[in-house]
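The data block below is target27.cif; it holds mmCIF, C-alpha atoms.
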data_my_file
#
loop_
_atom_site.label_atom_id
_atom_site.label_comp_id
_atom_site.auth_asym_id
_atom_site.auth_seq_id
_atom_site.Cartn_x
_atom_site.Cartn_y
_atom_site.Cartn_z
CA MET A 1 35.73 -53.50 -34.27
CA SER A 2 36.57 -50.05 -33.01
CA THR A 3 39.80 -48.32 -33.88
CA LEU A 4 42.75 -48.13 -31.52
CA ALA A 5 42.09 -44.46 -30.96
CA GLN A 6 38.54 -45.25 -29.89
CA GLU A 7 39.76 -47.98 -27.56
CA PHE A 8 42.04 -45.47 -25.86
CA SER A 9 39.59 -42.61 -25.64
CA LYS A 10 36.74 -44.65 -24.21
CA GLY A 11 38.66 -45.01 -20.96
CA LEU A 12 39.08 -41.25 -20.73
CA LEU A 13 35.49 -40.14 -21.02
CA ARG A 14 32.67 -42.39 -22.26
CA GLU A 15 33.71 -45.34 -20.10
CA ASN A 16 35.77 -43.52 -17.49
CA PRO A 17 36.30 -46.08 -14.73
CA THR A 18 35.58 -43.65 -11.92
CA PHE A 19 32.75 -41.49 -13.26
CA ARG A 20 31.01 -43.87 -15.66
CA LEU A 21 31.85 -47.43 -14.63
CA LEU A 22 32.06 -46.52 -10.92
CA LEU A 23 34.92 -48.95 -10.31
CA GLY A 24 37.72 -48.60 -7.79
CA MET A 25 35.68 -46.37 -5.48
CA CYS A 26 37.50 -47.31 -2.27
CA PRO A 27 40.95 -45.99 -3.19
CA THR A 28 39.29 -43.08 -5.00
CA LEU A 29 37.62 -41.88 -1.83
CA ALA A 30 40.59 -42.58 0.40
CA VAL A 31 43.60 -41.16 -1.41
CA THR A 32 42.17 -38.07 -3.11
CA VAL A 33 42.85 -35.94 -0.04
CA SER A 34 45.56 -34.25 -2.03
CA ALA A 35 46.23 -33.88 -5.73
CA ILE A 36 49.66 -35.51 -5.68
CA ASN A 37 48.35 -38.56 -3.79
CA GLY A 38 45.50 -38.95 -6.24
CA PHE A 39 47.90 -38.64 -9.14
CA GLY A 40 50.40 -41.06 -7.61
CA MET A 41 47.74 -43.67 -6.95
CA GLY A 42 46.40 -43.27 -10.49
CA ILE A 43 49.84 -43.83 -11.99
CA SER A 44 50.50 -46.84 -9.73
CA ALA A 45 47.20 -48.43 -10.72
CA LEU A 46 47.92 -47.63 -14.37
CA VAL A 47 51.25 -49.48 -14.20
CA VAL A 48 49.67 -52.55 -12.58
CA LEU A 49 46.77 -52.45 -15.06
CA LEU A 50 49.14 -52.19 -18.02
CA CYS A 51 51.41 -55.04 -16.90
CA SER A 52 48.54 -57.33 -15.96
CA ASN A 53 46.63 -56.63 -19.19
CA ILE A 54 49.75 -57.42 -21.23
CA LEU A 55 50.46 -60.69 -19.43
CA ILE A 56 46.85 -61.83 -19.33
CA ALA A 57 46.31 -61.03 -23.01
CA THR A 58 49.51 -62.91 -23.86
CA LEU A 59 48.39 -65.96 -21.90
CA ARG A 60 44.72 -65.75 -22.81
CA ASN A 61 44.72 -68.93 -24.88
CA VAL A 62 46.88 -70.81 -22.40
CA ILE A 63 45.02 -70.27 -19.13
CA PRO A 64 42.17 -72.78 -18.77
CA ASP A 65 38.86 -71.03 -18.27
CA LYS A 66 38.10 -72.67 -14.93
CA VAL A 67 41.23 -71.36 -13.23
CA ARG A 68 41.30 -67.97 -14.84
CA ILE A 69 40.37 -66.03 -11.70
CA PRO A 70 43.15 -67.50 -9.49
CA ALA A 71 45.57 -67.03 -12.36
CA TYR A 72 44.58 -63.37 -12.86
CA ILE A 73 44.76 -62.65 -9.12
CA LEU A 74 48.23 -64.22 -8.99
CA ILE A 75 49.42 -62.03 -11.82
CA ILE A 76 47.78 -58.84 -10.51
CA ALA A 77 49.09 -59.44 -6.99
CA THR A 78 52.61 -59.94 -8.32
CA PHE A 79 52.63 -56.67 -10.23
CA THR A 80 51.05 -54.84 -7.30
CA THR A 81 53.78 -56.13 -4.99
CA ILE A 82 56.41 -55.07 -7.50
CA VAL A 83 54.96 -51.55 -7.66
CA ASP A 84 54.84 -51.51 -3.85
CA MET A 85 58.50 -52.49 -3.55
CA VAL A 86 59.64 -50.04 -6.21
CA LEU A 87 57.73 -47.15 -4.63
CA ASN A 88 59.07 -48.02 -1.19
CA ALA A 89 62.63 -48.03 -2.52
CA PHE A 90 62.57 -45.02 -4.85
CA VAL A 91 59.62 -42.79 -3.92
CA PRO A 92 59.28 -43.41 -0.16
CA ASP A 93 57.24 -40.26 0.55
CA LEU A 94 54.50 -41.27 -1.88
CA HIS A 95 54.68 -44.83 -0.58
CA LYS A 96 54.12 -43.62 2.97
CA ALA A 97 51.28 -41.30 1.92
CA LEU A 98 49.42 -43.99 -0.02
CA GLY A 99 50.11 -46.56 2.69
CA ILE A 100 47.83 -49.54 2.68
CA PHE A 101 46.11 -48.50 -0.54
CA ILE A 102 49.03 -49.69 -2.64
CA PRO A 103 48.57 -53.37 -1.73
CA LEU A 104 44.83 -52.78 -2.10
CA ILE A 105 45.39 -52.15 -5.82
CA VAL A 106 45.15 -55.95 -6.08
CA VAL A 107 41.43 -55.79 -5.34
CA ASN A 108 40.87 -52.60 -7.31
CA CYS A 109 37.92 -53.65 -9.43
CA ILE A 110 39.21 -51.80 -12.46
CA ILE A 111 42.12 -54.18 -12.88
CA LEU A 112 40.31 -57.47 -12.48
CA GLY A 113 37.39 -55.91 -14.36
CA ARG A 114 39.46 -55.11 -17.44
CA ALA A 115 41.13 -58.52 -17.28
CA GLU A 116 37.76 -60.25 -17.33
CA ALA A 117 36.01 -57.93 -19.74
CA PHE A 118 38.77 -57.19 -22.17
CA ALA A 119 42.25 -58.67 -21.84
CA ARG A 120 41.13 -62.27 -22.02
CA LYS A 121 39.27 -61.71 -25.28
CA ASN A 122 41.56 -59.32 -27.10
CA ASN A 123 45.09 -59.35 -28.42
CA VAL A 124 48.05 -57.78 -26.66
CA VAL A 125 48.08 -54.53 -28.63
CA ARG A 126 44.41 -53.74 -28.00
CA SER A 127 44.82 -54.74 -24.36
CA ILE A 128 47.71 -52.31 -23.99
CA ILE A 129 45.63 -49.49 -25.47
CA ASP A 130 42.67 -50.39 -23.25
CA ALA A 131 44.87 -50.41 -20.16
CA LEU A 132 46.40 -47.07 -21.08
CA GLY A 133 42.99 -45.50 -21.70
CA MET A 134 41.47 -46.83 -18.49
CA GLY A 135 44.59 -46.04 -16.50
CA VAL A 136 44.83 -42.47 -17.77
CA GLY A 137 41.09 -42.02 -17.22
CA PHE A 138 41.43 -43.24 -13.65
CA THR A 139 44.45 -41.00 -13.04
CA LEU A 140 42.61 -37.98 -14.46
CA ALA A 141 39.59 -38.67 -12.27
CA LEU A 142 41.67 -39.09 -9.13
CA THR A 143 43.74 -36.00 -9.89
CA ILE A 144 40.65 -33.85 -10.47
CA LEU A 145 39.05 -35.05 -7.25
CA GLY A 146 42.36 -34.57 -5.46
CA ILE A 147 42.72 -31.00 -6.73
CA ILE A 148 39.19 -30.09 -5.61
CA ARG A 149 39.57 -31.62 -2.17
CA GLU A 150 43.01 -30.18 -1.65
CA LEU A 151 42.11 -26.72 -2.92
CA PHE A 152 39.01 -26.27 -0.77
CA GLY A 153 40.07 -28.52 2.06
CA SER A 154 43.61 -27.21 2.60
CA GLY A 155 44.01 -24.19 0.34
CA SER A 156 46.75 -25.62 -1.81
CA ILE A 157 47.28 -27.35 -5.14
CA PHE A 158 50.02 -30.00 -5.34
CA GLY A 159 51.38 -28.62 -2.10
CA ALA A 160 51.66 -25.01 -3.25
CA ASN A 161 49.54 -22.66 -1.17
CA VAL A 162 47.33 -20.67 -3.54
CA MET A 163 44.52 -19.40 -1.39
CA GLY A 164 46.49 -17.23 0.98
CA THR A 165 46.38 -17.07 4.74
CA ALA A 166 42.96 -15.45 5.02
CA PHE A 167 41.34 -18.53 3.52
CA GLN A 168 39.45 -20.75 5.94
CA PRO A 169 39.66 -24.26 4.57
CA MET A 170 36.64 -26.56 4.64
CA GLU A 171 38.30 -29.22 6.69
CA VAL A 172 35.46 -31.67 6.17
CA LEU A 173 36.79 -32.20 2.64
CA ALA A 174 39.89 -33.85 4.05
CA THR A 175 37.78 -36.51 5.76
CA ALA A 176 35.70 -39.46 4.55
CA PRO A 177 32.36 -37.62 4.43
CA GLY A 178 34.01 -34.93 2.36
CA ALA A 179 35.26 -37.59 -0.04
CA PHE A 180 31.75 -38.87 -0.63
CA ILE A 181 30.39 -35.35 -1.02
CA THR A 182 33.04 -34.34 -3.55
CA LEU A 183 32.64 -37.54 -5.54
CA GLY A 184 28.86 -37.18 -5.54
CA VAL A 185 28.94 -33.59 -6.73
CA VAL A 186 31.46 -34.28 -9.51
CA LEU A 187 29.55 -37.41 -10.55
CA GLY A 188 26.32 -35.44 -10.72
CA PHE A 189 28.05 -32.81 -12.82
CA VAL A 190 29.45 -35.44 -15.19
CA ASN A 191 26.04 -37.08 -15.57
CA TYR A 192 24.44 -33.70 -16.26
CA MET A 193 27.07 -32.81 -18.87
CA PHE A 194 26.70 -36.17 -20.59
CA ARG A 195 22.97 -35.72 -20.86
CA ARG A 196 23.30 -32.11 -22.03
CA LEU A 197 25.86 -32.94 -24.70
CA ARG A 198 24.12 -36.23 -25.42
CA ILE A 199 27.24 -38.39 -25.31
CA GLU A 200 26.21 -41.92 -24.48
CA MET B 1 41.88 -85.90 -14.94
CA ARG B 2 43.77 -84.35 -17.82
CA ASP B 3 41.80 -81.14 -17.29
CA ALA B 4 42.78 -81.00 -13.66
CA MET B 5 46.41 -81.64 -14.56
CA ARG B 6 46.36 -78.83 -17.09
CA MET B 7 44.80 -76.41 -14.60
CA ALA B 8 47.25 -77.32 -11.87
CA LEU B 9 50.22 -77.10 -14.21
CA THR B 10 49.18 -73.69 -15.55
CA LEU B 11 48.83 -72.27 -12.05
CA LEU B 12 52.12 -73.83 -11.03
CA ILE B 13 53.98 -72.28 -13.93
CA ILE B 14 52.37 -68.88 -13.49
CA GLY B 15 53.17 -69.09 -9.78
CA ALA B 16 56.77 -69.95 -10.50
CA ILE B 17 57.20 -67.09 -12.96
CA CYS B 18 55.57 -64.63 -10.55
CA GLY B 19 57.73 -65.87 -7.70
CA GLY B 20 60.85 -65.46 -9.80
CA LEU B 21 59.87 -61.95 -10.86
CA LEU B 22 59.22 -60.96 -7.26
CA SER B 23 62.60 -62.31 -6.09
CA VAL B 24 64.41 -60.30 -8.72
CA VAL B 25 62.65 -57.05 -7.87
CA ASN B 26 63.07 -57.70 -4.17
CA GLY B 27 66.78 -58.24 -4.68
CA VAL B 28 67.03 -54.81 -6.21
CA THR B 29 64.74 -52.87 -3.88
CA ALA B 30 65.29 -54.46 -0.46
CA PRO B 31 68.85 -53.14 0.03
CA VAL B 32 67.73 -49.64 -0.96
CA ILE B 33 64.85 -49.74 1.51
CA GLN B 34 67.02 -51.08 4.31
CA ALA B 35 69.75 -48.52 3.73
CA ARG B 36 67.23 -45.70 3.82
CA GLU B 37 65.60 -46.93 7.02
CA ARG B 38 68.98 -47.31 8.66
CA ALA B 39 69.95 -43.78 7.60
CA LEU B 40 66.69 -42.38 8.97
CA PHE B 41 67.18 -44.14 12.25
CA MET B 42 70.81 -43.06 12.66
CA GLU B 43 69.70 -39.50 11.92
CA ALA B 44 67.10 -39.79 14.68
CA VAL B 45 69.61 -41.30 17.11
CA GLN B 46 71.98 -38.43 16.46
CA ALA B 47 69.17 -35.95 16.93
CA PHE B 48 68.82 -37.23 20.48
CA PHE B 49 72.48 -37.97 21.17
CA PRO B 50 74.70 -35.74 18.99
CA ASP B 51 77.83 -37.31 20.46
CA GLY B 52 76.67 -40.79 19.63
CA VAL B 53 79.00 -42.48 17.20
CA ASP B 54 78.34 -46.09 17.80
CA SER B 55 75.39 -48.19 18.76
CA GLU B 56 74.68 -51.75 19.58
CA THR B 57 71.22 -53.18 18.95
CA LYS B 58 69.39 -55.40 21.36
CA GLU B 59 65.97 -56.81 20.66
CA ILE B 60 63.59 -57.47 23.52
CA GLY B 61 60.01 -58.59 22.99
CA GLY B 62 60.00 -57.61 19.32
CA GLU B 63 61.19 -54.06 19.96
CA GLN B 64 64.65 -52.76 19.17
CA PHE B 65 66.86 -50.92 21.63
CA TYR B 66 69.85 -49.00 20.30
CA LEU B 67 72.49 -48.57 22.96
CA CYS B 68 74.38 -45.41 22.08
CA LYS B 69 78.02 -44.86 22.91
CA ASP B 70 80.19 -41.82 22.38
CA ALA B 71 83.62 -41.72 20.78
CA SER B 72 85.35 -43.04 23.89
CA GLY B 73 83.02 -46.01 24.12
CA LYS B 74 81.13 -44.67 27.10
CA PHE B 75 77.45 -45.53 27.25
CA ILE B 76 75.44 -42.35 26.86
CA GLY B 77 71.90 -43.55 26.45
CA VAL B 78 69.46 -45.79 24.69
CA VAL B 79 66.97 -45.14 21.89
CA ALA B 80 64.05 -47.54 21.86
CA LYS B 81 62.00 -48.23 18.76
CA ALA B 82 58.74 -49.07 20.44
CA LYS B 83 55.07 -49.52 19.73
CA ALA B 84 51.95 -48.31 21.46
CA THR B 85 48.27 -48.93 20.91
CA GLY B 86 46.36 -45.78 20.19
CA TYR B 87 42.84 -44.93 19.09
CA GLY B 88 43.51 -45.61 15.42
CA GLY B 89 45.76 -48.63 15.77
CA GLU B 90 49.45 -49.08 16.26
CA ILE B 91 51.74 -46.14 16.98
CA SER B 92 55.45 -46.51 16.24
CA TYR B 93 57.74 -44.19 18.11
CA ASP B 94 61.34 -43.65 19.19
CA LEU B 95 62.08 -42.95 22.84
CA ALA B 96 65.48 -41.60 23.88
CA VAL B 97 66.60 -42.18 27.44
CA SER B 98 69.87 -40.89 28.88
CA ASP B 99 72.26 -42.95 30.95
CA THR B 100 70.73 -41.46 34.10
CA GLY B 101 67.30 -42.75 33.18
CA ASP B 102 65.79 -39.45 32.06
CA ILE B 103 63.66 -39.28 28.94
CA VAL B 104 65.46 -36.81 26.69
CA GLY B 105 63.41 -37.15 23.54
CA ILE B 106 60.47 -38.76 21.85
CA ARG B 107 59.58 -38.98 18.19
CA ILE B 108 56.48 -40.53 16.65
CA SER B 109 57.40 -42.28 13.40
CA SER B 110 53.98 -43.56 12.38
CA HIS B 111 50.47 -43.49 13.74
CA GLY B 112 46.83 -43.77 12.75
CA GLU B 113 45.42 -41.20 15.13
CA THR B 114 42.74 -38.73 14.12
CA PRO B 115 44.18 -35.54 12.61
CA GLY B 116 43.52 -32.57 14.86
CA ILE B 117 42.57 -34.75 17.82
CA GLY B 118 44.66 -37.83 18.55
CA ASP B 119 47.68 -36.57 16.66
CA VAL B 120 48.37 -34.29 19.61
CA ILE B 121 50.80 -37.05 20.56
CA THR B 122 53.13 -35.65 17.91
CA LYS B 123 52.92 -32.16 19.36
CA PRO B 124 54.73 -30.44 22.25
CA GLU B 125 51.43 -30.29 24.14
CA PHE B 126 51.80 -33.99 24.83
CA GLN B 127 55.50 -34.57 24.31
CA ASP B 128 56.51 -31.91 26.86
CA ARG B 129 54.72 -33.96 29.49
CA ILE B 130 56.90 -36.95 28.70
CA ILE B 131 60.32 -35.37 28.34
CA GLY B 132 62.10 -35.18 31.67
CA LEU B 133 60.36 -38.12 33.29
CA ASN B 134 62.72 -40.58 34.91
CA VAL B 135 62.74 -44.35 35.01
CA ALA B 136 62.14 -44.14 38.74
CA ASP B 137 58.89 -42.15 38.25
CA PRO B 138 55.52 -43.93 38.20
CA ILE B 139 54.79 -42.67 34.65
CA THR B 140 51.12 -43.44 35.15
CA ALA B 141 48.14 -41.46 33.86
CA GLY B 142 46.57 -39.46 36.65
CA VAL B 143 49.54 -39.91 38.99
CA ASP B 144 52.51 -38.00 37.65
CA VAL B 145 51.48 -37.37 34.05
CA ASP B 146 48.06 -36.45 32.65
CA THR B 147 46.40 -37.62 29.48
CA VAL B 148 45.38 -34.94 27.00
CA THR B 149 41.75 -33.90 27.27
CA GLY B 150 39.80 -35.10 24.23
CA ALA B 151 42.56 -37.53 23.28
CA THR B 152 42.51 -39.87 26.26
CA VAL B 153 42.93 -43.09 24.32
CA SER B 154 45.76 -41.77 22.16
CA SER B 155 47.74 -40.15 24.96
CA GLY B 156 46.85 -42.87 27.49
CA GLY B 157 48.05 -45.57 25.14
CA MET B 158 51.33 -43.71 24.69
CA ILE B 159 51.82 -43.29 28.43
CA GLU B 160 51.16 -46.99 29.07
CA SER B 161 53.62 -48.00 26.39
CA ILE B 162 56.27 -45.57 27.65
CA ARG B 163 55.85 -46.98 31.16
CA ARG B 164 56.43 -50.47 29.78
CA VAL B 165 59.46 -49.46 27.70
CA MET B 166 61.00 -47.55 30.62
CA THR B 167 60.68 -50.63 32.81
CA ILE B 168 62.49 -52.71 30.21
CA ILE B 169 65.21 -50.08 29.87
CA GLY B 170 65.57 -49.80 33.64
CA GLU B 171 65.92 -53.54 34.08
CA ASN B 172 68.26 -54.19 31.18
CA PHE B 173 70.39 -51.21 30.33
CA LEU B 174 70.79 -48.80 33.21
#

Using structure tokens, write down the structure from this file.
Amino acid sequence: MSTLAQEFSKGLLRENPTFRLLLGMCPTLAVTVSAINGFGMGISALVVLLCSNILIATLRNVIPDKVRIPAYILIIATFTTIVDMVLNAFVPDLHKALGIFIPLIVVNCIILGRAEAFARKNNVVRSIIDALGMGVGFTLALTILGIIRELFGSGSIFGANVMGTAFQPMEVLATAPGAFITLGVVLGFVNYMFRRLRIE
Amino acid sequence: MRDAMRMALTLLIIGAICGGLLSVVNGVTAPVIQARERALFMEAVQAFFPDGVDSETKEIGGEQFYLCKDASGKFIGVVAKAKATGYGGEISYDLAVSDTGDIVGIRISSHGETPGIGDVITKPEFQDRIIGLNVADPITAGVDVDTVTGATVSSGGMIESIRRVMTIIGENFL
């Protein structure tokens, strides 16, 4: 049984959902056009992941095995809708920027994945730590990708222009092909670093 | 049988709890969302008709028409919240028409057009072609207004929709 600290840190690096588990790729590619969008999506997914892990871990001995998937989807969809409503009411700019990808958090594989792989077999405390680790890892990954794509694709970081007016942005990075390219390059770098430093 | 009962009951209870949770959150957030959308719309209406103090809403075919009146109650124009079909899906826009049937303003509120290409519909390059047209004009691509080169579907879809909305306005409000 690993310690709580290990449970948290695995989501950050060793089992990072984006760069190691390769889960939740669709929103990753779509919303990382800018750093703030990537960060906002990461936080939203973290909130849903946390709430669903808590509820599913609490009910893990109550939900019959055969209906666990419908039950999990019900719970995840509810929390996703709650996050959607709260963002629409209190952070409308982010809500508009993330658009359809907020409801799509329901089918974000990270959330159902952690429910299946972890929350239904572990107690509430460990599930909270797991959710926090995975959620923070996801947010970090999205923010890093967002910073890269925003910096080279639009010349700014979090909206603040840092490259000056002489900079010609690589506009391809703001599009879908650019998303794949950026993800591929960062993934390759992460794989290389893991092998170099022999973390496995 | 007992298994099935247990499964059904579990899902029922979880469903009920989730439903309850959603109602509570909706109760808190829905008024905030509505108030903000209303404020945005009134701000847009006043951008087109600064003297507008009052408006009456009519809904025709799923689209809203705000009939704007000034302080003395005189009808000064209508702002339509309409939809068009563009290259990337549905475009939502506001069209302001004066009481003489002239288009005095247009504002795109949401669209899925390609950045740098189809989103010309949000720019003066397209919008200047629309402002000033009258309800009596054909408002047809190739006749009195041209589509934008390289963005035919986006601009053509807008022109078609504007033609349709102007007809409705002409028949109902002018």

Would you pick out the contacts of stretch 107-112 of chain B at 7 Å or less, using all atoms listed in the file, so that residues sharing its chain but fewer than 3 positions from it are not included, and give the list as a PyMOL selection string? chain B and resi 88-95+122

Spell out the residues picked by the PyMOL selection byres ((chain A) within 8 of (chain B)) here, as a PyMOL selection string. chain A and resi 62-64+66-67+70-71+74-75+78+81-82+85-86+88-90

Between A:Cys26, A:Ile157, A:Val31, A:Leu12, which has the minimum distance to A:Lys96 (counting all atoms listed in the file)?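 Distance minimum relative to A:Lys96 lands on A:Val31.
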
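Computed from the coordinates, the atom CA of B:Val78 to atom CA of B:Val120 distance equals 24.6 Å.
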
The PyMOL selection byres ((chain B and resi 167) around 12) applied to the shown file, residues as a PyMOL selection string: chain B and resi 60+80+97+101+134-139+160-166+168-174

List as a PyMOL selection string the residues having at least one atom at most 12 Å from position (46.6, -53.0, 0.0) as given in the file, counting all atoms listed in the file. chain A and resi 26-27+41+45+77+80-81+83-84+95+98-108

Please evaluate the PyMOL selection byres ((chain A and resi 122) around 12) against the structure above and give the resulting residues as number ranges by chain. A: 1, 7, 53-61, 114-121, 123-131

Exercise: B:Met42 partners within 12 Å, all atoms listed in the file, chain neighbours under 3 positions left out, as a list of chain:residue names: B:Ala35, B:Arg36, B:Glu37, B:Arg38, B:Ala39, B:Val45, B:Gln46, B:Ala47, B:Phe48, B:Phe49, B:Pro50, B:Asp51, B:Gly52, B:Val53, B:Asp54, B:Ser55, B:Glu56, B:Thr57, B:Tyr66, B:Leu67, B:Cys68, B:Val79, B:Lys81, B:Asp94

Between atom CA of A:Phe152 and atom CA of A:Pro169, what is the spacing in Å?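 According to the coordinates, atom CA of A:Pro169 and atom CA of A:Phe152 are separated by 5.7 Å.
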
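With all atoms listed in the file as the basis for measurement, B:Thr147 is the residue among B:Thr152, B:Ser72, B:Thr147, B:Ser98 that approaches B:Ile130 most closely.
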
Every residue with an atom at most 9 Å from (41.0, -32.0, -5.7) (file coordinates; only C-alpha atoms) is what I'm after, so could you write them as number ranges by chain? A: 32-35, 38, 142-153, 157, 182

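As for atom CA of B:Thr85 and atom CA of A:Asp93, they are spaced 23.9 Å apart.
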
Take every atom of stretch 144-153 of chain B listed in the file, pad by 4 Å on each side, and give me the axis-aligned box centre and edge lengths in Å, one decimal, as lines of an AutoDock Vina configuration file.
center_x = 46.2
center_y = -38.5
center_z = 30.5
size_x = 20.7
size_y = 17.2
size_z = 22.4

Excluding A:Ile110 and its own-chain neighbours fewer than 3 positions away, which residues fall within 9 Å of it when counting only C-alpha atoms? Please give them as a VMD selection string. chain A and resid 17 to 18 21 23 to 24 45 49 107 113 to 115 134 to 135 138

Given all atoms listed in the file as the basis, pick out the residue of A:Thr3, A:Arg20, A:Leu132, A:Ala30 nearest to A:Gly178.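 Of A:Thr3, A:Arg20, A:Leu132, A:Ala30, the one nearest A:Gly178 is A:Ala30, counting all atoms listed in the file.
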
Show me, as a ChimeraX atom specification, the residues that have an atom within 6 Å of B:Ile103 when counting all atoms listed in the file, minus same-chain residues fewer than 4 positions from it. /B:96-97,131-133

Mind writing the picked residues with C-alpha atoms as a PDB file, in the frame of the given file?
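Result went into out-v1.pdb, see below:
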ATOM      1  CA  ALA B  96      65.480 -41.600  23.880  1.00  0.00           C
ATOM      2  CA  VAL B  97      66.600 -42.180  27.440  1.00  0.00           C
ATOM      3  CA  ILE B 131      60.320 -35.370  28.340  1.00  0.00           C
ATOM      4  CA  GLY B 132      62.100 -35.180  31.670  1.00  0.00           C
ATOM      5  CA  LEU B 133      60.360 -38.120  33.290  1.00  0.00           C
TER       6      LEU B 133
END
